[in-house]
$ cat entry-v4.cif   # mmCIF, C-alpha atoms
data_work
#
loop_
_atom_site.label_atom_id
_atom_site.label_comp_id
_atom_site.auth_asym_id
_atom_site.auth_seq_id
_atom_site.Cartn_x
_atom_site.Cartn_y
_atom_site.Cartn_z
CA MET A 1 -18.67 -19.34 -3.96
CA ARG A 2 -16.02 -19.91 -1.30
CA ALA A 3 -15.08 -16.87 0.74
CA VAL A 4 -13.68 -15.79 4.10
CA GLU A 5 -15.76 -13.45 6.23
CA ILE A 6 -15.30 -11.44 9.41
CA THR A 7 -17.61 -13.16 11.88
CA LYS A 8 -17.29 -10.38 14.50
CA PRO A 9 -14.76 -7.65 15.34
CA GLY A 10 -11.61 -9.13 16.82
CA GLY A 11 -8.27 -10.83 16.16
CA PRO A 12 -7.27 -13.05 13.26
CA ASP A 13 -9.32 -15.95 14.67
CA VAL A 14 -12.59 -14.20 13.73
CA LEU A 15 -11.86 -14.86 10.02
CA ALA A 16 -13.85 -17.90 8.93
CA PRO A 17 -14.56 -19.76 5.65
CA VAL A 18 -18.11 -19.35 4.38
CA ASP A 19 -20.29 -19.97 1.34
CA ALA A 20 -21.22 -16.55 -0.06
CA PRO A 21 -23.50 -15.40 -2.90
CA MET A 22 -21.89 -14.70 -6.27
CA PRO A 23 -21.42 -10.99 -7.08
CA GLU A 24 -23.00 -9.50 -10.19
CA ALA A 25 -21.67 -6.76 -12.46
CA SER A 26 -23.65 -3.54 -12.82
CA ALA A 27 -22.96 -0.93 -15.51
CA GLY A 28 -19.27 -0.01 -15.58
CA GLU A 29 -18.25 -3.04 -13.50
CA VAL A 30 -16.63 -6.42 -14.03
CA VAL A 31 -16.69 -9.67 -12.09
CA ILE A 32 -13.26 -11.24 -11.68
CA LYS A 33 -12.58 -14.90 -10.94
CA LEU A 34 -9.65 -14.42 -8.60
CA ASP A 35 -6.47 -16.48 -8.60
CA TYR A 36 -4.87 -14.50 -5.75
CA ALA A 37 -5.80 -11.71 -3.36
CA GLY A 38 -3.45 -9.37 -1.53
CA VAL A 39 -3.42 -9.04 2.27
CA ASN A 40 -3.10 -5.49 3.61
CA ARG A 41 -3.19 -3.56 6.89
CA PRO A 42 -6.65 -2.09 6.13
CA ASP A 43 -7.97 -5.68 6.04
CA ALA A 44 -6.81 -6.11 9.64
CA LEU A 45 -8.33 -2.77 10.64
CA GLN A 46 -11.65 -3.83 9.11
CA ARG A 47 -11.42 -7.18 10.90
CA ALA A 48 -10.86 -5.35 14.19
CA GLY A 49 -13.94 -3.17 13.62
CA ALA A 50 -11.95 0.01 12.99
CA TYR A 51 -12.40 0.48 9.22
CA ASP A 52 -15.90 0.05 7.83
CA PRO A 53 -16.30 -0.66 4.10
CA PRO A 54 -17.80 2.13 1.99
CA ALA A 55 -21.53 2.16 1.32
CA GLY A 56 -22.45 -0.52 -1.20
CA ALA A 57 -19.13 -2.38 -0.96
CA SER A 58 -18.86 -6.05 -0.05
CA PRO A 59 -18.50 -6.67 3.71
CA LEU A 60 -15.86 -9.29 2.92
CA PRO A 61 -12.26 -8.13 3.40
CA GLY A 62 -9.79 -7.84 0.52
CA LEU A 63 -8.78 -4.71 -1.40
CA GLU A 64 -6.76 -6.12 -4.30
CA GLY A 65 -6.48 -9.21 -6.43
CA ALA A 66 -5.63 -10.74 -9.79
CA GLY A 67 -7.54 -13.12 -11.99
CA THR A 68 -9.71 -13.49 -15.08
CA VAL A 69 -12.69 -11.36 -16.05
CA SER A 70 -15.73 -13.66 -15.89
CA ALA A 71 -18.58 -11.19 -16.48
CA VAL A 72 -18.93 -7.58 -17.63
CA GLY A 73 -21.57 -4.91 -17.13
CA ALA A 74 -22.79 -2.41 -19.68
CA GLY A 75 -20.32 0.13 -21.03
CA VAL A 76 -17.20 -1.88 -20.26
CA SER A 77 -14.36 -2.29 -22.76
CA LEU A 78 -12.81 -5.27 -20.96
CA ALA A 79 -13.85 -8.69 -22.23
CA VAL A 80 -14.56 -12.02 -20.57
CA GLY A 81 -11.25 -13.89 -20.40
CA ASP A 82 -9.02 -10.83 -19.92
CA LYS A 83 -6.31 -11.26 -17.29
CA VAL A 84 -6.34 -8.32 -14.88
CA CYS A 85 -5.23 -7.12 -11.50
CA ALA A 86 -7.55 -4.71 -9.75
CA LEU A 87 -8.10 -2.36 -6.86
CA LEU A 88 -11.21 -3.59 -5.05
CA PRO A 89 -13.76 -1.78 -2.86
CA GLY A 90 -13.81 -4.97 -0.75
CA GLY A 91 -14.61 -8.63 -1.26
CA GLY A 92 -11.19 -9.93 -2.30
CA TYR A 93 -11.15 -12.86 0.12
CA ALA A 94 -13.40 -14.85 -2.23
CA GLU A 95 -13.45 -16.82 -5.47
CA TYR A 96 -15.23 -14.01 -7.33
CA VAL A 97 -15.31 -10.25 -6.79
CA VAL A 98 -16.94 -7.24 -8.47
CA THR A 99 -15.13 -3.93 -9.06
CA PRO A 100 -15.30 -0.93 -11.39
CA ALA A 101 -13.67 -1.77 -14.73
CA ALA A 102 -11.75 1.52 -14.55
CA HIS A 103 -9.90 0.19 -11.50
CA CYS A 104 -8.51 -2.80 -13.40
CA LEU A 105 -5.06 -2.93 -14.98
CA PRO A 106 -3.57 -5.57 -17.24
CA VAL A 107 -1.36 -8.19 -15.62
CA PRO A 108 2.14 -6.94 -16.51
CA LYS A 109 4.13 -9.14 -18.85
CA GLY A 110 6.61 -11.31 -16.94
CA LEU A 111 4.72 -11.30 -13.63
CA SER A 112 2.95 -14.25 -12.05
CA MET A 113 -0.66 -13.91 -10.95
CA ALA A 114 0.50 -13.90 -7.33
CA GLU A 115 2.83 -10.97 -8.05
CA ALA A 116 0.10 -9.16 -10.00
CA ALA A 117 -2.28 -9.49 -7.04
CA ALA A 118 0.32 -7.74 -4.87
CA LEU A 119 0.38 -4.61 -7.06
CA PRO A 120 -2.84 -2.59 -6.85
CA GLU A 121 -3.30 -1.52 -3.22
CA THR A 122 0.33 -0.58 -2.66
CA PHE A 123 0.99 0.95 -6.09
CA PHE A 124 -2.22 3.01 -6.04
CA THR A 125 -1.35 4.17 -2.52
CA VAL A 126 2.30 5.00 -3.18
CA TRP A 127 1.79 6.65 -6.56
CA SER A 128 -1.09 8.84 -5.39
CA ASN A 129 0.61 9.91 -2.16
CA VAL A 130 4.28 10.16 -3.10
CA PHE A 131 3.96 11.53 -6.62
CA MET A 132 0.48 12.99 -7.13
CA ARG A 133 0.02 14.43 -3.62
CA GLY A 134 3.61 14.66 -2.38
CA GLY A 135 5.06 15.91 -5.67
CA LEU A 136 8.34 13.97 -5.44
CA LYS A 137 10.87 15.15 -8.03
CA ALA A 138 14.14 13.72 -9.31
CA GLY A 139 17.06 14.70 -7.09
CA GLU A 140 14.94 15.23 -3.97
CA LYS A 141 15.55 13.34 -0.74
CA PHE A 142 12.75 10.93 0.13
CA LEU A 143 12.27 9.05 3.41
CA VAL A 144 9.82 6.18 3.82
CA HIS A 145 9.12 4.64 7.21
CA GLY A 146 8.49 0.91 7.33
CA GLY A 147 10.75 0.42 4.34
CA SER A 148 10.42 -3.38 4.33
CA SER A 149 6.61 -3.38 4.26
CA GLY A 150 4.57 -3.75 1.09
CA ILE A 151 4.18 0.03 0.94
CA GLY A 152 7.83 0.59 1.79
CA THR A 153 9.31 -1.81 -0.77
CA THR A 154 7.09 -0.26 -3.44
CA ALA A 155 7.92 3.31 -2.44
CA ILE A 156 11.68 2.67 -2.44
CA GLN A 157 11.61 1.23 -5.94
CA LEU A 158 9.34 3.88 -7.43
CA ALA A 159 11.21 6.81 -5.86
CA LYS A 160 14.54 5.38 -7.02
CA ALA A 161 13.22 4.75 -10.54
CA PHE A 162 12.12 8.37 -10.83
CA GLY A 163 15.46 9.77 -9.72
CA ALA A 164 15.04 10.57 -6.02
CA ARG A 165 17.59 9.95 -3.29
CA VAL A 166 15.92 7.32 -1.12
CA PHE A 167 16.17 6.73 2.62
CA ALA A 168 14.22 4.24 4.73
CA THR A 169 13.67 3.12 8.29
CA ALA A 170 13.14 -0.49 9.35
CA GLY A 171 13.28 -2.55 12.53
CA SER A 172 16.11 -5.03 11.95
CA ASP A 173 19.39 -5.33 10.12
CA GLU A 174 17.82 -7.89 7.77
CA LYS A 175 15.02 -5.49 6.88
CA CYS A 176 17.47 -2.62 6.44
CA GLN A 177 19.51 -4.75 4.04
CA ALA A 178 16.35 -5.48 2.06
CA CYS A 179 15.79 -1.73 1.72
CA LEU A 180 19.36 -1.21 0.52
CA ASP A 181 19.01 -4.04 -1.98
CA LEU A 182 15.94 -2.33 -3.44
CA GLY A 183 17.79 0.94 -3.99
CA ALA A 184 17.74 2.90 -0.75
CA GLU A 185 20.84 5.03 -0.27
CA LYS A 186 20.68 4.56 3.50
CA ALA A 187 18.51 2.33 5.71
CA ILE A 188 18.16 3.30 9.36
CA ASN A 189 17.46 0.66 12.00
CA TYR A 190 15.11 2.64 14.23
CA ARG A 191 15.97 0.40 17.19
CA ASP A 192 19.61 1.52 17.07
CA ALA A 193 19.62 5.01 15.52
CA ASP A 194 17.60 8.23 15.43
CA PHE A 195 16.25 8.95 11.97
CA VAL A 196 15.93 12.67 12.82
CA ALA A 197 19.66 12.98 13.46
CA GLU A 198 20.46 10.90 10.37
CA MET A 199 18.27 13.09 8.15
CA LYS A 200 19.56 16.33 9.64
CA ALA A 201 23.07 15.14 8.80
CA GLU A 202 21.88 14.92 5.17
CA GLY A 203 20.57 18.49 5.29
CA GLY A 204 16.99 17.44 5.93
CA VAL A 205 14.62 15.41 3.81
CA ASP A 206 12.27 16.86 1.17
CA LEU A 207 9.44 14.33 1.43
CA ILE A 208 8.46 11.79 4.09
CA LEU A 209 5.89 9.01 3.64
CA ASP A 210 4.73 7.87 7.06
CA MET A 211 2.31 5.19 8.25
CA VAL A 212 3.51 5.12 11.87
CA GLY A 213 2.11 8.35 13.31
CA GLY A 214 2.24 8.86 17.07
CA ASP A 215 5.50 10.39 18.20
CA TYR A 216 6.90 10.01 14.68
CA ILE A 217 4.85 13.03 13.59
CA PRO A 218 6.78 15.73 15.52
CA ARG A 219 10.00 13.88 14.76
CA ASN A 220 9.15 13.91 11.05
CA ILE A 221 8.63 17.66 11.24
CA LYS A 222 12.12 18.07 12.72
CA ALA A 223 13.65 15.86 10.01
CA LEU A 224 12.22 17.83 7.08
CA ALA A 225 14.24 20.33 5.08
CA MET A 226 12.96 23.83 4.25
CA ASP A 227 9.78 23.55 2.14
CA GLY A 228 9.59 19.85 3.03
CA ARG A 229 6.42 17.78 2.84
CA LEU A 230 5.02 15.14 5.17
CA VAL A 231 2.45 12.72 3.73
CA GLN A 232 0.59 10.65 6.33
CA ILE A 233 -1.18 7.46 5.19
CA ALA A 234 -1.79 5.52 8.44
CA PHE A 235 -1.35 5.66 12.21
CA LEU A 236 0.11 2.46 13.64
CA GLN A 237 0.99 4.41 16.80
CA GLY A 238 -2.08 6.68 16.87
CA PRO A 239 -3.25 9.92 15.22
CA LYS A 240 -3.12 12.35 18.17
CA VAL A 241 0.05 14.21 19.15
CA GLU A 242 1.19 17.57 20.43
CA LEU A 243 2.84 19.52 17.61
CA ASN A 244 4.72 22.84 17.55
CA PHE A 245 3.39 24.54 14.44
CA ALA A 246 6.06 27.23 14.66
CA PHE A 247 8.36 24.71 12.95
CA VAL A 248 5.80 24.33 10.17
CA MET A 249 5.46 28.08 9.63
CA THR A 250 9.08 29.14 9.86
CA ARG A 251 10.30 26.37 7.54
CA ARG A 252 7.33 26.51 5.14
CA LEU A 253 6.42 22.87 5.61
CA THR A 254 3.42 21.05 4.17
CA ILE A 255 1.53 18.38 6.11
CA THR A 256 -0.95 16.33 4.12
CA GLY A 257 -2.20 12.78 3.76
CA SER A 258 -4.94 10.58 2.42
CA THR A 259 -6.71 7.25 2.63
CA LEU A 260 -7.37 5.36 -0.59
CA ARG A 261 -10.51 3.31 0.00
CA PRO A 262 -13.02 6.18 0.61
CA GLN A 263 -11.95 8.10 -2.51
CA SER A 264 -14.37 8.36 -5.43
CA ASP A 265 -14.38 5.87 -8.28
CA LEU A 266 -13.25 8.69 -10.57
CA ALA A 267 -10.27 9.55 -8.37
CA LYS A 268 -9.18 5.90 -8.32
CA ALA A 269 -9.62 5.68 -12.10
CA ARG A 270 -7.30 8.67 -12.52
CA ILE A 271 -4.66 6.95 -10.40
CA ALA A 272 -5.07 3.78 -12.50
CA ASN A 273 -4.55 5.77 -15.69
CA GLU A 274 -1.33 7.30 -14.38
CA LEU A 275 -0.04 3.90 -13.27
CA ARG A 276 -0.83 2.39 -16.68
CA ALA A 277 1.04 5.18 -18.47
CA LYS A 278 3.99 5.81 -16.16
CA VAL A 279 4.60 2.74 -13.99
CA TRP A 280 3.39 -0.37 -15.85
CA PRO A 281 6.12 0.06 -18.52
CA LEU A 282 8.74 0.02 -15.74
CA ILE A 283 7.28 -3.18 -14.30
CA GLU A 284 7.24 -4.85 -17.73
CA ALA A 285 10.84 -3.75 -18.27
CA GLY A 286 11.86 -5.39 -14.99
CA THR A 287 12.91 -2.09 -13.39
CA ILE A 288 10.34 -2.51 -10.62
CA LYS A 289 8.94 -5.73 -9.20
CA PRO A 290 6.77 -6.48 -6.17
CA VAL A 291 8.65 -7.98 -3.25
CA MET A 292 6.86 -11.15 -2.15
CA ASP A 293 6.98 -12.39 1.43
CA SER A 294 4.63 -15.36 1.69
CA GLU A 295 1.57 -17.13 0.31
CA PHE A 296 -1.33 -18.72 2.19
CA VAL A 297 -4.39 -20.57 0.93
CA LEU A 298 -7.70 -18.74 1.30
CA ASN A 299 -8.87 -20.79 4.29
CA ASP A 300 -5.66 -19.85 6.11
CA ALA A 301 -6.42 -16.11 5.98
CA ALA A 302 -6.14 -15.97 9.79
CA GLN A 303 -2.52 -17.16 9.60
CA ALA A 304 -1.84 -14.57 6.89
CA HIS A 305 -3.13 -11.85 9.23
CA GLU A 306 -0.98 -13.18 12.06
CA ARG A 307 2.05 -12.99 9.78
CA MET A 308 1.24 -9.42 8.77
CA GLU A 309 0.57 -8.20 12.29
CA SER A 310 3.78 -9.78 13.57
CA SER A 311 5.65 -7.28 11.34
CA ALA A 312 8.12 -10.08 10.58
CA HIS A 313 7.31 -9.97 6.87
CA ILE A 314 9.34 -8.31 4.14
CA GLY A 315 7.14 -7.32 1.21
CA LYS A 316 3.70 -8.60 0.31
CA ILE A 317 1.54 -11.41 1.64
CA VAL A 318 -1.04 -13.00 -0.71
CA LEU A 319 -3.86 -15.52 -0.51
CA LYS A 320 -4.12 -18.28 -3.12
CA ILE A 321 -7.82 -18.52 -3.85
#

$ encode --input "entry-v4.cif" --output "structure tokens"
Amino acid sequence: MRAVEITKPGGPDVLAPVDAPMPEASAGEVVIKLDYAGVNRPDALQRAGAYDPPAGASPLPGLEGAGTVSAVGAGVSLAVGDKVCALLPGGGYAEYVVTPAAHCLPVPKGLSMAEAAALPETFFTVWSNVFMRGGLKAGEKFLVHGGSSGIGTTAIQLAKAFGARVFATAGSDEKCQACLDLGAEKAINYRDADFVAEMKAEGGVDLILDMVGGDYIPRNIKALAMDGRLVQIAFLQGPKVELNFAFVMTRRLTITGSTLRPQSDLAKARIANELRAKVWPLIEAGTIKPVMDSEFVLNDAAQAHERMESSAHIGKIVLKI
């Protein structure tokens, strides 16, 4: 099969087309003939040598995709020919990929295969961190950094749909407008304004979803309201900071976070079940829809990574397989 591999750790230019062996389905797994694969920040981290795939996973990049089930292992209820989108342990930059059947979801009615491929990684991440881990409730104030990213555009829509007051940061007026269009109450251009001051003016924020890290971490702590929660999912500016934990103690704050890929198959299956029950109906009703930035053919994966790492994109980038 056609695929794109990481030839060595480095920049986007180390991604190269290759002929790869076909995957096979073991018990509980399916093989999917992919139409599209999503492009995500963890793919770039893996390409750079900073995010190794889990034991037993494909060394090929790619953590989400959409296509048609082409083979099934023992004990699987899905059938050959079913249209699915799926969270992948790796291997999405290829014509065929294997993944646990429990990590597959039906392609929502009304969505294209490209849009379906843009769902799993971001929706699994946002749902598990904002709602399952962060406990966001209707009426609470929610701040997401990087509001125009794939994670951000998903988080804004989900938080709004479930009744939260939504705030976002972004790096340009165009990106801020995109956040407002998706349902954010206020979008803060971090180049022109201080999100800490903006959130303090609102009485503090109840929950923050952050993928920036670095000096954002102590600033997030200052922006939280009493009993506020900070959920950390990535560190674009680094994981190490000096932090005054007196603020955490005196204001009863919670600092938590997670990464999705290393979690157990069972944990990911539980997230999939919650998405199927609580979020997929909203997608099929048109309440929530993935924001699409751009599409590249598989052999142009390097250009897709350049687009993503430029941070010029708004929403999701996908590869047409």

$ closest_residue --input "entry-v4.cif" --among "A:Pro89, A:Pro12, A:Pro218, A:Gly213" --to "Glu29 in chain A" --atoms "all atoms listed in the file"
A:Pro89

$ resolve_selection --input "entry-v4.cif" --expression "the PyMOL selection byres ((chain A and resi 72) around 8)" --output "ChimeraX atom specification"
/A:25-26,28-31,69-71,73-74,76,78-80

$ resolve_selection --input "entry-v4.cif" --expression "the PyMOL selection byres ((chain A and resi 177-181) around 8)" --output "PyMOL selection string"
chain A and resi 147-148+153+156+168+173-176+182-187+314

$ residues_around --input "entry-v4.cif" --residues "Arg229 in chain A" --least-positions-apart "6" --cutoff "8 Å" --atoms "only C-alpha atoms" --output "ChimeraX atom specification"
/A:134,206-208,253-256

$ atom_distance --input "entry-v4.cif" --atom1 "CA of Val196 in chain A" --atom2 "CA of Asp215 in chain A"
12.0 Å

$ atom_distance --input "entry-v4.cif" --atom1 "CA of Leu236 in chain A" --atom2 "CA of Ala272 in chain A"
26.7 Å

$ resolve_selection --input "entry-v4.cif" --expression "the PyMOL selection byres ((chain A and resi 2-6) around 6)" --output "PDB file with C-alpha atoms, keeping the file's coordinate frame"
ATOM      1  CA  MET A   1     -18.670 -19.340  -3.960  1.00  0.00           C
ATOM      2  CA  THR A   7     -17.610 -13.160  11.880  1.00  0.00           C
ATOM      3  CA  LYS A   8     -17.290 -10.380  14.500  1.00  0.00           C
ATOM      4  CA  VAL A  14     -12.590 -14.200  13.730  1.00  0.00           C
ATOM      5  CA  LEU A  15     -11.860 -14.860  10.020  1.00  0.00           C
ATOM      6  CA  ALA A  16     -13.850 -17.900   8.930  1.00  0.00           C
ATOM      7  CA  PRO A  17     -14.560 -19.760   5.650  1.00  0.00           C
ATOM      8  CA  VAL A  18     -18.110 -19.350   4.380  1.00  0.00           C
ATOM      9  CA  ASP A  19     -20.290 -19.970   1.340  1.00  0.00           C
ATOM     10  CA  ARG A  47     -11.420  -7.180  10.900  1.00  0.00           C
ATOM     11  CA  LEU A  60     -15.860  -9.290   2.920  1.00  0.00           C
ATOM     12  CA  TYR A  93     -11.150 -12.860   0.120  1.00  0.00           C
ATOM     13  CA  ALA A  94     -13.400 -14.850  -2.230  1.00  0.00           C
ATOM     14  CA  GLU A  95     -13.450 -16.820  -5.470  1.00  0.00           C
TER      15      GLU A  95
END

$ closest_atom_pairs --input "entry-v4.cif" --of "range 37-87 of chain A" --to "range 99-118 of chain A" --cutoff "8 Å" --atoms "only C-alpha atoms" --output "CSV"
residue,atom,partner,partner_atom,distance
A:Ala37,CA,A:Ala117,CA,5.6
A:Gly38,CA,A:Ala118,CA,5.3
A:Glu64,CA,A:Ala117,CA,6.2
A:Gly65,CA,A:Ala117,CA,4.3
A:Ala66,CA,A:Ala117,CA,4.5
A:Gly67,CA,A:Met113,CA,7.0
A:Val76,CA,A:Ala101,CA,6.6
A:Leu78,CA,A:Ala101,CA,7.2
A:Lys83,CA,A:Val107,CA,6.1
A:Val84,CA,A:Pro106,CA,4.6
A:Cys85,CA,A:Leu105,CA,5.4
A:Ala86,CA,A:Cys104,CA,4.2
A:Leu87,CA,A:His103,CA,5.6

$ atom_distance --input "entry-v4.cif" --atom1 "CA of Gly171 in chain A" --atom2 "CA of Arg191 in chain A"
6.1 Å

$ closest_residue --input "entry-v4.cif" --among "A:Val98, A:Thr122, A:Ala161, A:Lys137" --to "Ala285 in chain A" --atoms "only C-alpha atoms"
A:Ala161

$ residues_around --input "entry-v4.cif" --residues "Asp293 in chain A" --least-positions-apart "6" --cutoff "8 Å" --atoms "all atoms listed in the file" --output "number ranges by chain"
A: 313-317

$ closest_residue --input "entry-v4.cif" --among "A:Ala193, A:Leu243, A:Val279, A:Met292" --to "Gly214 in chain A" --atoms "only C-alpha atoms"
A:Leu243

$ build_atoms --input "entry-v4.cif" --residues "range 191-205 of chain A" --atoms "N, CA, C and O atoms" --output "mmCIF file, in the frame of the given file"
data_model
loop_
_atom_site.group_PDB
_atom_site.id
_atom_site.type_symbol
_atom_site.label_atom_id
_atom_site.label_comp_id
_atom_site.auth_asym_id
_atom_site.auth_seq_id
_atom_site.Cartn_x
_atom_site.Cartn_y
_atom_site.Cartn_z
ATOM 1 N N ARG A 191 15.686 0.903 15.838
ATOM 2 C CA ARG A 191 15.970 0.400 17.190
ATOM 3 C C ARG A 191 17.351 0.834 17.673
ATOM 4 O O ARG A 191 17.620 0.827 18.887
ATOM 5 N N ASP A 192 18.224 1.188 16.726
ATOM 6 C CA ASP A 192 19.610 1.520 17.070
ATOM 7 C C ASP A 192 19.983 2.971 16.794
ATOM 8 O O ASP A 192 20.986 3.454 17.321
ATOM 9 N N ALA A 193 19.225 3.663 15.956
ATOM 10 C CA ALA A 193 19.620 5.010 15.520
ATOM 11 C C ALA A 193 18.403 5.913 15.445
ATOM 12 O O ALA A 193 17.263 5.455 15.344
ATOM 13 N N ASP A 194 18.651 7.220 15.476
ATOM 14 C CA ASP A 194 17.600 8.230 15.430
ATOM 15 C C ASP A 194 17.503 8.770 14.003
ATOM 16 O O ASP A 194 18.437 9.396 13.509
ATOM 17 N N PHE A 195 16.365 8.516 13.353
ATOM 18 C CA PHE A 195 16.250 8.950 11.970
ATOM 19 C C PHE A 195 16.286 10.475 11.842
ATOM 20 O O PHE A 195 16.704 11.000 10.803
ATOM 21 N N VAL A 196 15.885 11.201 12.889
ATOM 22 C CA VAL A 196 15.930 12.670 12.820
ATOM 23 C C VAL A 196 17.373 13.139 12.688
ATOM 24 O O VAL A 196 17.704 13.953 11.815
ATOM 25 N N ALA A 197 18.242 12.602 13.530
ATOM 26 C CA ALA A 197 19.660 12.980 13.460
ATOM 27 C C ALA A 197 20.265 12.567 12.127
ATOM 28 O O ALA A 197 21.044 13.327 11.523
ATOM 29 N N GLU A 198 19.919 11.387 11.653
ATOM 30 C CA GLU A 198 20.460 10.900 10.370
ATOM 31 C C GLU A 198 20.027 11.808 9.223
ATOM 32 O O GLU A 198 20.808 12.108 8.324
ATOM 33 N N MET A 199 18.771 12.239 9.235
ATOM 34 C CA MET A 199 18.270 13.090 8.150
ATOM 35 C C MET A 199 18.809 14.510 8.257
ATOM 36 O O MET A 199 19.077 15.155 7.246
ATOM 37 N N LYS A 200 18.962 15.005 9.468
ATOM 38 C CA LYS A 200 19.560 16.330 9.640
ATOM 39 C C LYS A 200 20.992 16.349 9.115
ATOM 40 O O LYS A 200 21.450 17.347 8.542
ATOM 41 N N ALA A 201 21.702 15.245 9.316
ATOM 42 C CA ALA A 201 23.070 15.140 8.800
ATOM 43 C C ALA A 201 23.104 15.200 7.284
ATOM 44 O O ALA A 201 24.134 15.557 6.680
ATOM 45 N N GLU A 202 21.982 14.857 6.639
ATOM 46 C CA GLU A 202 21.880 14.920 5.170
ATOM 47 C C GLU A 202 21.339 16.266 4.703
ATOM 48 O O GLU A 202 21.088 16.458 3.510
ATOM 49 N N GLY A 203 21.129 17.194 5.651
ATOM 50 C CA GLY A 203 20.570 18.490 5.290
ATOM 51 C C GLY A 203 19.063 18.542 5.311
ATOM 52 O O GLY A 203 18.456 19.495 4.812
ATOM 53 N N GLY A 204 18.445 17.512 5.896
ATOM 54 C CA GLY A 204 16.990 17.440 5.930
ATOM 55 C C GLY A 204 16.440 16.713 4.724
ATOM 56 O O GLY A 204 17.089 16.612 3.683
ATOM 57 N N VAL A 205 15.231 16.195 4.868
ATOM 58 C CA VAL A 205 14.620 15.410 3.810
ATOM 59 C C VAL A 205 13.475 16.218 3.182
ATOM 60 O O VAL A 205 12.789 16.973 3.873
#
